[in-house]
>>> print(open('data03.cif').read())   # mmCIF, C-alpha atoms
data_final
loop_
_atom_site.label_atom_id
_atom_site.label_comp_id
_atom_site.auth_asym_id
_atom_site.auth_seq_id
_atom_site.Cartn_x
_atom_site.Cartn_y
_atom_site.Cartn_z
CA MET V 1005 0.00 0.00 0.00
CA PRO V 1006 2.69 2.61 0.82
CA ASP V 1007 4.29 2.09 -2.61
CA ARG V 1008 1.01 2.70 -4.43
CA PHE V 1009 0.31 5.70 -2.23
CA TYR V 1010 3.67 7.36 -2.94
CA GLU V 1011 3.37 6.58 -6.65
CA ARG V 1012 0.07 8.42 -6.67
CA LEU V 1013 1.62 11.45 -4.96
CA GLU V 1014 4.51 11.46 -7.45
CA ARG V 1015 2.11 11.31 -10.40
CA GLU V 1016 0.11 14.24 -9.08
CA LEU V 1017 3.26 16.26 -8.43
CA ARG V 1018 4.48 15.60 -12.01
CA THR V 1019 1.12 16.77 -13.33
CA ILE V 1020 1.33 19.95 -11.27
CA GLU V 1021 4.84 20.57 -12.57
CA ALA V 1022 3.78 20.02 -16.19
CA LEU V 1023 1.06 22.65 -15.76
CA ASP V 1024 3.57 25.23 -14.44
CA LYS V 1025 1.83 25.13 -11.06
CA PHE V 1026 4.53 23.48 -8.96
CA ARG V 1027 5.40 25.30 -5.74
CA SER V 1028 8.42 25.10 -3.48
CA LEU V 1029 9.67 26.92 -0.40
CA GLN V 1030 12.48 29.41 -0.88
CA VAL V 1031 14.28 32.10 1.06
CA TYR V 1032 14.35 35.19 -1.15
CA PRO V 1033 17.37 37.50 -0.88
CA GLY V 1034 16.18 40.32 -3.17
CA ILE V 1035 14.22 43.51 -2.55
CA ASP V 1036 10.89 42.24 -1.28
CA PHE V 1037 7.79 43.20 -3.27
CA GLY V 1038 5.98 40.01 -2.35
CA SER V 1039 5.11 40.40 1.32
CA ASN V 1040 2.00 42.08 2.73
CA ASP V 1041 4.01 44.39 5.00
CA TYR V 1042 2.30 47.45 3.52
CA LEU V 1043 3.31 49.93 6.25
CA GLY V 1044 6.79 48.56 6.87
CA PHE V 1045 5.89 47.67 10.46
CA ALA V 1046 7.36 44.16 10.18
CA VAL V 1047 10.87 45.64 10.10
CA ASP V 1048 10.21 48.77 12.17
CA ALA V 1049 13.09 49.21 14.63
CA GLU V 1050 11.16 51.30 17.16
CA LEU V 1051 8.29 48.80 17.36
CA ARG V 1052 10.80 45.98 17.72
CA ALA V 1053 12.66 47.73 20.54
CA ARG V 1054 9.50 48.56 22.51
CA THR V 1055 8.18 45.04 22.15
CA LEU V 1056 11.45 43.36 23.10
CA GLU V 1057 11.60 45.49 26.23
CA ARG V 1058 8.15 44.20 27.17
CA ALA V 1059 9.22 40.64 26.33
CA GLN V 1060 11.62 40.58 29.26
CA VAL V 1061 8.72 40.03 31.68
CA LEU V 1062 6.55 37.80 29.48
CA PRO V 1063 6.67 34.00 29.12
CA ASN V 1064 8.07 32.56 25.88
CA SER V 1065 4.85 30.65 25.25
CA ALA V 1066 1.25 30.77 26.39
CA SER V 1067 1.59 26.98 26.86
CA SER V 1068 -2.14 26.22 26.80
CA SER V 1069 -5.54 27.23 25.46
CA ARG V 1070 -7.02 30.64 26.19
CA LEU V 1071 -9.72 28.89 28.24
CA LEU V 1072 -6.98 27.44 30.44
CA PRO V 1073 -3.95 29.33 31.85
CA GLY V 1074 -2.94 30.30 28.28
CA TYR V 1075 -4.88 33.56 28.68
CA HIS V 1076 -2.46 36.37 29.57
CA ALA V 1077 -2.89 40.09 30.18
CA PRO V 1078 -1.54 41.11 26.72
CA HIS V 1079 -4.33 39.08 25.05
CA ARG V 1080 -6.97 40.95 27.03
CA VAL V 1081 -5.39 44.37 26.51
CA ALA V 1082 -4.98 43.80 22.75
CA GLU V 1083 -8.64 42.81 22.40
CA GLU V 1084 -9.82 45.84 24.37
CA ARG V 1085 -7.60 48.20 22.37
CA PHE V 1086 -8.62 46.71 19.05
CA ALA V 1087 -12.34 46.96 19.85
CA ALA V 1088 -11.83 50.61 20.79
CA PHE V 1089 -9.78 51.20 17.63
CA MET V 1090 -12.55 49.67 15.50
CA GLY V 1091 -15.45 51.18 17.42
CA THR V 1092 -17.06 47.80 18.12
CA GLU V 1093 -18.43 46.37 21.35
CA ALA V 1094 -15.84 43.61 21.50
CA ALA V 1095 -13.01 41.83 19.69
CA LEU V 1096 -11.56 38.33 19.93
CA PHE V 1097 -7.97 37.43 19.07
CA PHE V 1098 -7.15 34.31 17.03
CA ASN V 1099 -3.81 32.75 16.11
CA SER V 1100 -4.33 33.47 12.38
CA GLY V 1101 -6.78 34.87 9.89
CA TYR V 1102 -7.40 31.34 8.66
CA ASP V 1103 -8.41 30.28 12.17
CA ALA V 1104 -10.67 33.32 12.53
CA ASN V 1105 -12.54 32.67 9.27
CA MET V 1106 -12.85 28.97 10.04
CA ALA V 1107 -14.25 29.84 13.46
CA LEU V 1108 -16.80 32.30 12.08
CA LEU V 1109 -18.11 30.04 9.33
CA THR V 1110 -18.15 26.76 11.22
CA THR V 1111 -19.61 28.21 14.43
CA LEU V 1112 -22.16 30.93 13.68
CA PRO V 1113 -24.26 29.38 10.86
CA ASN V 1114 -26.22 26.19 11.64
CA ARG V 1115 -27.68 23.56 9.31
CA HIS V 1116 -30.89 25.56 8.80
CA ASP V 1117 -29.00 28.65 7.60
CA ARG V 1118 -27.71 29.83 4.24
CA VAL V 1119 -24.30 31.33 3.46
CA PHE V 1120 -23.62 33.38 0.32
CA TYR V 1121 -20.01 34.22 -0.46
CA ASP V 1122 -18.11 36.06 -3.18
CA GLU V 1123 -16.51 33.72 -5.72
CA ARG V 1124 -13.08 35.36 -5.23
CA CYS V 1125 -12.98 35.06 -1.46
CA HIS V 1126 -9.86 33.69 0.19
CA ALA V 1127 -9.33 29.95 0.59
CA SER V 1128 -9.96 30.24 4.34
CA ILE V 1129 -13.51 31.37 3.57
CA TYR V 1130 -14.02 28.57 1.06
CA ASP V 1131 -12.75 26.04 3.60
CA GLY V 1132 -14.86 27.48 6.40
CA VAL V 1133 -17.99 27.35 4.26
CA ARG V 1134 -17.29 23.75 3.21
CA ALA V 1135 -16.60 22.66 6.77
CA GLY V 1136 -19.65 24.43 8.18
CA PRO V 1137 -23.15 22.96 8.41
CA ALA V 1138 -25.07 25.58 6.43
CA THR V 1139 -26.23 25.47 2.82
CA SER V 1140 -23.94 27.68 0.74
CA GLU V 1141 -23.80 29.39 -2.65
CA ARG V 1142 -21.21 31.53 -4.39
CA PHE V 1143 -22.15 34.77 -6.11
CA LYS V 1144 -20.44 36.62 -8.96
CA HIS V 1145 -17.49 38.69 -7.82
CA SER V 1146 -18.47 42.06 -6.30
CA SER V 1147 -21.94 41.86 -7.85
CA PRO V 1148 -24.75 43.01 -5.54
CA GLU V 1149 -27.22 42.22 -8.34
CA ALA V 1150 -26.10 38.58 -8.54
CA LEU V 1151 -26.35 38.25 -4.78
CA ARG V 1152 -29.84 39.74 -4.73
CA ASP V 1153 -30.98 37.24 -7.38
CA LEU V 1154 -29.71 34.34 -5.26
CA LEU V 1155 -31.32 35.68 -2.12
CA ASN V 1156 -34.65 35.89 -3.89
CA THR V 1157 -34.60 32.15 -4.55
CA GLY V 1158 -34.90 29.27 -2.11
CA SER V 1159 -36.09 29.04 1.45
CA ARG V 1160 -35.97 31.96 3.86
CA GLU V 1161 -36.03 29.79 6.94
CA GLY V 1162 -33.09 30.15 9.27
CA ALA V 1163 -30.48 32.90 9.30
CA CYS V 1164 -28.70 34.25 6.25
CA PHE V 1165 -25.01 35.19 6.05
CA ILE V 1166 -23.33 37.26 3.33
CA VAL V 1167 -19.53 36.89 3.22
CA LEU V 1168 -17.11 39.06 1.25
CA GLU V 1169 -13.74 40.78 1.45
CA SER V 1170 -13.30 44.53 1.55
CA VAL V 1171 -10.09 44.33 -0.52
CA TYR V 1172 -9.35 41.27 -2.66
CA SER V 1173 -5.80 40.01 -2.49
CA MET V 1174 -5.15 39.11 -6.13
CA ASP V 1175 -6.47 42.24 -7.90
CA GLY V 1176 -6.43 44.73 -5.03
CA ASP V 1177 -9.98 45.76 -5.92
CA ILE V 1178 -12.41 47.16 -3.35
CA ALA V 1179 -15.85 45.67 -2.75
CA PRO V 1180 -18.95 47.93 -2.80
CA ILE V 1181 -19.58 47.26 0.88
CA ALA V 1182 -22.34 49.87 1.24
CA GLU V 1183 -24.41 48.17 -1.47
CA PHE V 1184 -23.95 44.75 0.09
CA HIS V 1185 -24.91 46.20 3.46
CA GLU V 1186 -28.15 47.56 2.00
CA ILE V 1187 -28.95 44.10 0.64
CA ALA V 1188 -28.13 42.53 4.01
CA LYS V 1189 -30.57 44.90 5.72
CA ALA V 1190 -33.27 44.22 3.13
CA PHE V 1191 -33.02 40.46 3.64
CA ASP V 1192 -32.37 40.59 7.41
CA ALA V 1193 -28.96 38.98 6.86
CA MET V 1194 -25.66 39.05 8.73
CA LEU V 1195 -22.75 40.61 6.83
CA ILE V 1196 -19.26 39.15 7.42
CA VAL V 1197 -16.43 41.23 5.95
CA ASP V 1198 -12.85 39.95 5.72
CA GLU V 1199 -10.69 43.09 6.09
CA ALA V 1200 -7.34 41.29 5.84
CA HIS V 1201 -5.94 43.56 3.12
CA ALA V 1202 -7.74 46.72 4.27
CA THR V 1203 -6.62 46.77 7.90
CA GLY V 1204 -3.84 49.34 8.20
CA VAL V 1205 -4.33 50.30 4.55
CA LEU V 1206 -7.75 51.96 4.24
CA GLY V 1207 -10.33 53.65 6.46
CA ASN V 1208 -10.06 55.97 9.42
CA ARG V 1209 -6.48 55.68 10.78
CA GLY V 1210 -6.17 52.40 8.86
CA ALA V 1211 -9.01 50.67 10.73
CA GLY V 1212 -10.45 49.24 7.50
CA LEU V 1213 -13.58 50.04 5.54
CA VAL V 1214 -16.15 48.66 7.98
CA SER V 1215 -14.93 51.11 10.61
CA GLU V 1216 -15.97 54.09 8.50
CA THR V 1217 -19.73 53.58 8.80
CA LEU V 1218 -20.68 50.06 9.86
CA SER V 1219 -18.63 49.16 12.93
CA ARG V 1220 -21.50 49.78 15.37
CA ASP V 1221 -24.06 47.84 13.32
CA ALA V 1222 -24.80 44.60 15.19
CA SER V 1223 -25.50 42.83 11.88
CA VAL V 1224 -21.90 43.37 10.69
CA ILE V 1225 -18.93 41.21 11.72
CA SER V 1226 -15.41 42.00 10.50
CA MET V 1227 -12.19 39.99 10.50
CA HIS V 1228 -8.79 41.71 10.60
CA THR V 1229 -5.45 39.96 10.19
CA CYS V 1230 -2.40 41.26 12.04
CA GLY V 1231 0.28 39.58 9.91
CA LYS V 1232 -0.06 41.94 6.96
CA ALA V 1233 -0.06 45.73 7.34
CA LEU V 1234 0.13 45.48 11.15
CA GLY V 1235 3.44 43.64 10.87
CA ALA V 1236 2.72 41.08 13.58
CA ALA V 1237 0.69 37.83 13.56
CA GLY V 1238 -2.77 36.59 14.44
CA ALA V 1239 -6.18 38.10 13.71
CA PHE V 1240 -9.17 39.77 15.35
CA VAL V 1241 -12.87 39.24 14.93
CA ALA V 1242 -14.58 42.56 15.73
CA ALA V 1243 -18.28 42.27 16.50
CA ASN V 1244 -21.20 42.58 18.86
CA ARG V 1245 -20.37 41.32 22.37
CA THR V 1246 -22.82 38.43 22.06
CA VAL V 1247 -21.05 37.14 18.94
CA VAL V 1248 -17.67 37.26 20.68
CA GLN V 1249 -18.99 35.44 23.75
CA TYR V 1250 -20.55 32.79 21.54
CA LEU V 1251 -17.26 32.24 19.69
CA ILE V 1252 -15.40 31.88 22.99
CA ASN V 1253 -17.83 29.16 24.03
CA LYS V 1254 -18.35 27.35 20.74
CA ALA V 1255 -15.60 28.02 18.18
CA ARG V 1256 -13.36 24.97 17.93
CA PRO V 1257 -10.44 26.82 16.22
CA PHE V 1258 -10.38 29.11 19.27
CA ILE V 1259 -10.98 26.54 22.03
CA PHE V 1260 -8.79 23.66 20.92
CA THR V 1261 -5.48 25.38 20.25
CA THR V 1262 -2.63 26.76 22.31
CA ALA V 1263 -2.88 30.53 22.57
CA SER V 1264 -0.34 32.70 20.77
CA PRO V 1265 2.78 33.71 22.72
CA PRO V 1266 1.91 36.81 24.80
CA ILE V 1267 4.61 38.81 23.02
CA ILE V 1268 2.45 38.82 19.86
CA PRO V 1269 -0.53 40.72 21.33
CA ALA V 1270 1.96 42.94 23.18
CA LEU V 1271 3.45 43.89 19.80
CA ILE V 1272 -0.03 44.51 18.40
CA VAL V 1273 -0.81 46.95 21.21
CA ASN V 1274 2.28 48.95 20.22
CA VAL V 1275 1.18 48.86 16.58
CA LEU V 1276 -2.31 50.12 17.47
CA GLU V 1277 -0.78 53.02 19.39
CA ARG V 1278 1.22 53.94 16.29
CA LEU V 1279 -1.85 53.77 14.06
CA SER V 1280 -3.91 55.81 16.49
CA SER V 1281 -1.41 58.67 16.24
CA GLU V 1282 -0.05 58.34 12.70
CA GLY V 1283 -2.51 56.11 10.87
CA THR V 1284 -4.17 58.78 8.74
CA SER V 1285 -0.92 60.13 7.31
CA LEU V 1286 0.46 56.61 6.75
CA VAL V 1287 -2.67 55.55 4.86
CA GLU V 1288 -2.57 58.62 2.60
CA THR V 1289 1.15 58.24 1.89
CA LEU V 1290 0.65 54.59 0.97
CA LYS V 1291 -2.23 55.48 -1.38
CA ASP V 1292 -0.11 58.12 -3.13
CA ARG V 1293 2.83 55.78 -3.53
CA SER V 1294 0.65 52.94 -4.83
CA ARG V 1295 -1.06 55.23 -7.35
CA ASP V 1296 2.28 56.52 -8.63
CA VAL V 1297 3.63 53.00 -9.13
CA ARG V 1298 0.52 51.92 -11.03
CA GLU V 1299 0.67 54.92 -13.34
CA SER V 1300 4.39 54.46 -14.00
CA LEU V 1301 3.87 50.80 -14.86
CA LYS V 1302 0.99 51.61 -17.20
CA ARG V 1303 3.21 54.07 -19.06
CA SER V 1304 6.17 51.72 -19.33
CA LEU V 1305 4.49 48.37 -20.18
CA LYS V 1306 3.45 47.54 -23.74
CA ARG V 1307 1.83 44.08 -23.57
CA TRP V 1308 1.19 43.41 -19.90
CA SER V 1309 -1.63 45.26 -18.16
CA VAL V 1310 -2.13 46.89 -14.76
CA PRO V 1311 -5.72 47.35 -13.54
CA HIS V 1312 -6.86 50.63 -12.03
CA GLY V 1313 -6.88 50.80 -8.22
CA ILE V 1314 -5.79 52.65 -5.10
CA THR V 1315 -4.54 49.81 -2.92
CA PRO V 1316 -0.89 48.72 -2.56
CA ILE V 1317 -1.66 45.40 -4.28
CA VAL V 1318 -0.53 46.03 -7.86
CA PRO V 1319 -1.23 43.09 -10.21
CA ILE V 1320 0.66 42.94 -13.50
CA ILE V 1321 -1.47 40.69 -15.68
CA ILE V 1322 0.61 38.50 -18.01
CA GLY V 1323 -1.67 35.59 -19.00
CA PRO V 1324 0.15 32.25 -19.42
CA ALA V 1325 1.45 30.69 -16.21
CA GLY V 1326 4.82 29.84 -17.79
CA GLU V 1327 5.44 33.43 -18.84
CA ALA V 1328 4.56 34.70 -15.37
CA MET V 1329 6.97 32.23 -13.79
CA ARG V 1330 9.71 33.20 -16.25
CA ALA V 1331 9.17 36.88 -15.53
CA SER V 1332 9.42 36.32 -11.79
CA GLU V 1333 12.65 34.35 -12.22
CA LEU V 1334 14.22 37.06 -14.38
CA LEU V 1335 13.28 39.72 -11.85
CA ARG V 1336 14.81 37.63 -9.08
CA GLU V 1337 18.06 37.50 -11.07
CA ARG V 1338 17.95 41.30 -11.12
CA GLY V 1339 17.49 41.44 -7.33
CA PHE V 1340 13.72 41.92 -7.06
CA GLU V 1341 11.32 39.49 -5.43
CA ILE V 1342 7.98 39.93 -7.24
CA PRO V 1343 6.20 36.57 -7.11
CA ALA V 1344 4.16 35.01 -9.88
CA VAL V 1345 0.59 34.04 -9.03
CA ARG V 1346 -1.01 31.22 -11.04
CA PRO V 1347 -4.23 29.23 -11.09
CA PRO V 1348 -5.96 28.10 -8.94
CA SER V 1349 -5.20 31.28 -6.98
CA VAL V 1350 -6.38 33.32 -9.99
CA PRO V 1351 -8.60 32.41 -12.98
CA GLU V 1352 -7.05 30.55 -15.91
CA GLY V 1353 -5.38 32.85 -18.40
CA THR V 1354 -4.76 35.62 -15.85
CA SER V 1355 -1.44 34.56 -14.31
CA ARG V 1356 0.39 37.60 -13.07
CA LEU V 1357 3.11 39.24 -11.11
CA ARG V 1358 1.74 40.48 -7.81
CA MET V 1359 3.68 43.53 -6.74
CA ASN V 1360 2.96 44.77 -3.23
CA ILE V 1361 3.98 48.30 -2.34
CA SER V 1362 5.28 49.09 1.13
CA LEU V 1363 6.29 52.26 2.92
CA ARG V 1364 9.62 50.56 3.58
CA HIS V 1365 10.48 50.76 -0.15
CA SER V 1366 12.64 53.73 -1.08
CA GLU V 1367 11.89 55.90 -4.09
CA GLN V 1368 14.97 54.52 -5.82
CA GLU V 1369 13.90 50.92 -5.18
CA LEU V 1370 10.49 51.61 -6.69
CA LYS V 1371 11.96 53.26 -9.79
CA SER V 1372 14.47 50.44 -10.25
CA ALA V 1373 11.76 47.79 -9.91
CA ILE V 1374 9.53 49.50 -12.50
CA ARG V 1375 12.45 49.71 -14.94
CA ALA V 1376 13.31 46.05 -14.34
CA ILE V 1377 9.71 44.95 -14.98
CA SER V 1378 9.70 46.83 -18.29
CA GLU V 1379 12.97 45.17 -19.31
CA VAL V 1380 11.68 41.74 -18.35
CA GLU V 1381 8.51 42.25 -20.38
CA GLU V 1382 10.65 42.91 -23.43
CA GLU V 1383 12.71 39.80 -22.75
CA VAL V 1384 9.73 37.49 -22.12
CA VAL V 1385 7.32 38.78 -24.77
CA GLY V 1386 9.66 40.37 -27.28
#
>>> encode(input="data03.cif", output="structure tokens")
Amino acid sequence: MPDRFYERLERELRTIEALDKFRSLQVYPGIDFGSNDYLGFAVDAELRARTLERAQVLPNSASSSRLLPGYHAPHRVAEERFAAFMGTEAALFFNSGYDANMALLTTLPNRHDRVFYDERCHASIYDGVRAGPATSERFKHSSPEALRDLLNTGSREGACFIVLESVYSMDGDIAPIAEFHEIAKAFDAMLIVDEAHATGVLGNRGAGLVSETLSRDASVISMHTCGKALGAAGAFVAANRTVVQYLINKARPFIFTTASPPIIPALIVNVLERLSSEGTSLVETLKDRSRDVRESLKRSLKRWSVPHGITPIVPIIIGPAGEAMRASELLRERGFEIPAVRPPSVPEGTSRLRMNISLRHSEQELKSAIRAISEVEEEVVG
């Protein structure tokens, strides 16, 4: 049996490789345009120093679940500060955004409920929906009309959940949240918004798009990762206090895992203090820089395309997966890490370079990267 099993794995890996979809782990030495460290907080020396000072009196590990002695003061403080930052009644900290989405979608809906989710949602949402007990349907990307059509069909028994992202990670496009919220109100539905790529990037002081108008609406639940623009790790669910208490009591991804090391929420508290004082200027600077890079790329590229947008996620659409991989390799040889993204992460025929802009990039690094991309286009396409 083991021989047949490993033969099957090898066959599948060869198929993946033949389709230019093979993945491997690498340490990248070049200038990093692949990470989600939009504000540069992941390498911020002041944040590091303040957090390491605090670490001297904290344990190395939480060592147990939050419902056991794994619950430490930094966890509580971070949740209180994040709820205040968002303007919600409460917040609950998870070890990752994946855990948070799995918790929401496997815990809140029951088998009598319906879940409707955008077709371009993150894999954690897909997995949460599949693992959960509710009936589910996908709707056309960022289409309130398509969602309304689905809601008008089928049974209206049980609760209804609408799930989307505020900023989508592959195109950097922004969802029309206000329109979806109006539909949620019309159908008495709960709205769950994944703010992973909006937290620290958009909204008041970088609090995301829900914070602008919907944070105090009890029908809205938002999820915010801390490993992207916040430069740390983990994630928050921000919601009505009843929702948070229910997750504490029922969410398996929260209950049955060792809590994060206390140093992580301690770092997040420092990050929130920075955003509270500087967030507005950081958000505007990042928008300006991202817009300038997009416009420069549009002017310099002849065959590859760059969609319009204001977020720091800048997709350079190439098309064939092999060409995208070749472009990424050539850029790496020039000292730039700009990863290729291929199906199934994006639709067939839309393989791309995904260039993420960060405040840690210097003006010279940005200009050099744009010039290198233009040169690589000429080399790959001719």
>>> atom_distance(input="data03.cif", atom1="atom CA of Ile1225 of chain V", atom2="atom CA of Gly1132 of chain V")
15.3 Å
>>> residues_around(input="data03.cif", residues="segment 1011-1021 of chain V", least_positions_apart="4", cutoff="12 Å", atoms="only C-alpha atoms", output="count of residues only")
13
>>> residues_around(input="data03.cif", residues="Thr1229 of chain V", least_positions_apart="3", cutoff="9 Å", atoms="only C-alpha atoms", output="PDB file with C-alpha atoms, in the frame of the given file")
ATOM      1  CA  SER V1100      -4.330  33.470  12.380  1.00  0.00           C
ATOM      2  CA  GLY V1101      -6.780  34.870   9.890  1.00  0.00           C
ATOM      3  CA  TYR V1102      -7.400  31.340   8.660  1.00  0.00           C
ATOM      4  CA  ALA V1104     -10.670  33.320  12.530  1.00  0.00           C
ATOM      5  CA  ASP V1198     -12.850  39.950   5.720  1.00  0.00           C
ATOM      6  CA  GLU V1199     -10.690  43.090   6.090  1.00  0.00           C
ATOM      7  CA  ALA V1200      -7.340  41.290   5.840  1.00  0.00           C
ATOM      8  CA  HIS V1201      -5.940  43.560   3.120  1.00  0.00           C
ATOM      9  CA  THR V1203      -6.620  46.770   7.900  1.00  0.00           C
ATOM     10  CA  LYS V1232      -0.060  41.940   6.960  1.00  0.00           C
ATOM     11  CA  ALA V1233      -0.060  45.730   7.340  1.00  0.00           C
ATOM     12  CA  LEU V1234       0.130  45.480  11.150  1.00  0.00           C
ATOM     13  CA  ALA V1236       2.720  41.080  13.580  1.00  0.00           C
ATOM     14  CA  ALA V1237       0.690  37.830  13.560  1.00  0.00           C
ATOM     15  CA  GLY V1238      -2.770  36.590  14.440  1.00  0.00           C
ATOM     16  CA  ALA V1239      -6.180  38.100  13.710  1.00  0.00           C
ATOM     17  CA  PHE V1240      -9.170  39.770  15.350  1.00  0.00           C
ATOM     18  CA  VAL V1241     -12.870  39.240  14.930  1.00  0.00           C
TER      19      VAL V1241
END
>>> residues_around(input="data03.cif", residues="Tyr1042 of chain V", least_positions_apart="5", cutoff="8 Å", atoms="all atoms listed in the file", output="JSON, numbers by chain")
{"V": [1204, 1205, 1232, 1233, 1290, 1316, 1360, 1361, 1362, 1363, 1364]}
>>> resolve_selection(input="data03.cif", expression="the PyMOL selection byres ((chain V and resi 1134) around 12)", output="VMD selection string")
chain V and resid 1105 to 1106 1109 to 1110 1113 1119 to 1121 1127 to 1133 1135 to 1142
>>> write_last_selection(input="data03.cif", atoms="C-alpha atoms", output="PDB file, in the coordinates of the input")
ATOM      1  CA  ASN V1105     -12.540  32.670   9.270  1.00  0.00           C
ATOM      2  CA  MET V1106     -12.850  28.970  10.040  1.00  0.00           C
ATOM      3  CA  LEU V1109     -18.110  30.040   9.330  1.00  0.00           C
ATOM      4  CA  THR V1110     -18.150  26.760  11.220  1.00  0.00           C
ATOM      5  CA  PRO V1113     -24.260  29.380  10.860  1.00  0.00           C
ATOM      6  CA  VAL V1119     -24.300  31.330   3.460  1.00  0.00           C
ATOM      7  CA  PHE V1120     -23.620  33.380   0.320  1.00  0.00           C
ATOM      8  CA  TYR V1121     -20.010  34.220  -0.460  1.00  0.00           C
ATOM      9  CA  ALA V1127      -9.330  29.950   0.590  1.00  0.00           C
ATOM     10  CA  SER V1128      -9.960  30.240   4.340  1.00  0.00           C
ATOM     11  CA  ILE V1129     -13.510  31.370   3.570  1.00  0.00           C
ATOM     12  CA  TYR V1130     -14.020  28.570   1.060  1.00  0.00           C
ATOM     13  CA  ASP V1131     -12.750  26.040   3.600  1.00  0.00           C
ATOM     14  CA  GLY V1132     -14.860  27.480   6.400  1.00  0.00           C
ATOM     15  CA  VAL V1133     -17.990  27.350   4.260  1.00  0.00           C
ATOM     16  CA  ALA V1135     -16.600  22.660   6.770  1.00  0.00           C
ATOM     17  CA  GLY V1136     -19.650  24.430   8.180  1.00  0.00           C
ATOM     18  CA  PRO V1137     -23.150  22.960   8.410  1.00  0.00           C
ATOM     19  CA  ALA V1138     -25.070  25.580   6.430  1.00  0.00           C
ATOM     20  CA  THR V1139     -26.230  25.470   2.820  1.00  0.00           C
ATOM     21  CA  SER V1140     -23.940  27.680   0.740  1.00  0.00           C
ATOM     22  CA  GLU V1141     -23.800  29.390  -2.650  1.00  0.00           C
ATOM     23  CA  ARG V1142     -21.210  31.530  -4.390  1.00  0.00           C
TER      24      ARG V1142
END
>>> residues_around(input="data03.cif", residues="Ser1304 of chain V", least_positions_apart="4", cutoff="8 Å", atoms="only C-alpha atoms", output="list in words")
Ser1300, Ile1374, Arg1375 and Ser1378 of chain V
>>> residues_around(input="data03.cif", residues="Gly1210 of chain V", least_positions_apart="5", cutoff="9 Å", atoms="all atoms listed in the file", output="list in words")
Ala1202, Thr1203, Gly1204, Val1205, Leu1279, Ser1280, Gly1283, Thr1284, Leu1286 and Val1287 of chain V
>>> closest_residue(input="data03.cif", among="V:Asp1192, V:Asp1296, V:Asp1117, V:Asp1175", to="Ile1320 of chain V", atoms="all atoms listed in the file")
V:Asp1175
>>> atom_distance(input="data03.cif", atom1="atom CA of Phe1089 of chain V", atom2="atom CA of Tyr1075 of chain V")
21.4 Å
>>> closest_residue(input="data03.cif", among="V:Ala1328, V:Ala1094, V:Ala1082, V:Ala1163", to="Arg1220 of chain V", atoms="all atoms listed in the file")
V:Ala1094
>>> closest_residue(input="data03.cif", among="V:Thr1315, V:Ser1067, V:Asn1040, V:Thr1111", to="Ile1252 of chain V", atoms="only C-alpha atoms")
V:Thr1111
>>> resolve_selection(input="data03.cif", expression="the PyMOL selection byres ((chain V and resi 1153) around 12)", output="list in words")
Phe1120, Glu1141, Arg1142, Phe1143, Lys1144, Ser1147, Pro1148, Glu1149, Ala1150, Leu1151, Arg1152, Leu1154, Leu1155, Asn1156, Thr1157, Gly1158, Ile1187 and Phe1191 of chain V
>>> closest_residue(input="data03.cif", among="V:Leu1023, V:Ala1182, V:Ala1373, V:Leu1276", to="Glu1216 of chain V", atoms="all atoms listed in the file")
V:Ala1182
>>> closest_residue(input="data03.cif", among="V:Gly1091, V:Pro1319, V:Gly1353, V:Pro1073", to="Arg1298 of chain V", atoms="all atoms listed in the file")
V:Pro1319
>>> closest_residue(input="data03.cif", among="V:Val1248, V:Ala1022, V:Ile1321, V:Val1345", to="Ile1377 of chain V", atoms="all atoms listed in the file")
V:Ile1321
>>> atom_distance(input="data03.cif", atom1="atom CA of Val1197 of chain V", atom2="atom CA of Met1359 of chain V")
23.9 Å
>>> residues_near_point(input="data03.cif", point="(-6.3, 54.4, -9.2)", cutoff="12 Å", atoms="all atoms listed in the file", output="list in words")
Gly1176, Asp1177, Ile1178, Lys1291, Asp1292, Arg1293, Ser1294, Arg1295, Asp1296, Val1297, Arg1298, Glu1299, Ser1300, Lys1302, Val1310, Pro1311, His1312, Gly1313, Ile1314, Thr1315, Pro1316, Ile1317 and Val1318 of chain V
>>> decode(input="data03.cif", residues="segment 1361-1373 of chain V", atoms="C-alpha atoms", output="PDB file, in the first residue's frame")
ATOM      1  CA  ILE V1361       3.980  48.299  -2.343  1.00  0.00           C
ATOM      2  CA  SER V1362       5.278  49.094   1.128  1.00  0.00           C
ATOM      3  CA  LEU V1363       6.293  52.258   2.921  1.00  0.00           C
ATOM      4  CA  ARG V1364       9.619  50.563   3.583  1.00  0.00           C
ATOM      5  CA  HIS V1365      10.476  50.764  -0.151  1.00  0.00           C
ATOM      6  CA  SER V1366      12.645  53.727  -1.079  1.00  0.00           C
ATOM      7  CA  GLU V1367      11.888  55.901  -4.089  1.00  0.00           C
ATOM      8  CA  GLN V1368      14.973  54.517  -5.820  1.00  0.00           C
ATOM      9  CA  GLU V1369      13.904  50.918  -5.182  1.00  0.00           C
ATOM     10  CA  LEU V1370      10.489  51.609  -6.693  1.00  0.00           C
ATOM     11  CA  LYS V1371      11.957  53.262  -9.794  1.00  0.00           C
ATOM     12  CA  SER V1372      14.471  50.445 -10.254  1.00  0.00           C
ATOM     13  CA  ALA V1373      11.758  47.794  -9.913  1.00  0.00           C
TER      14      ALA V1373
END
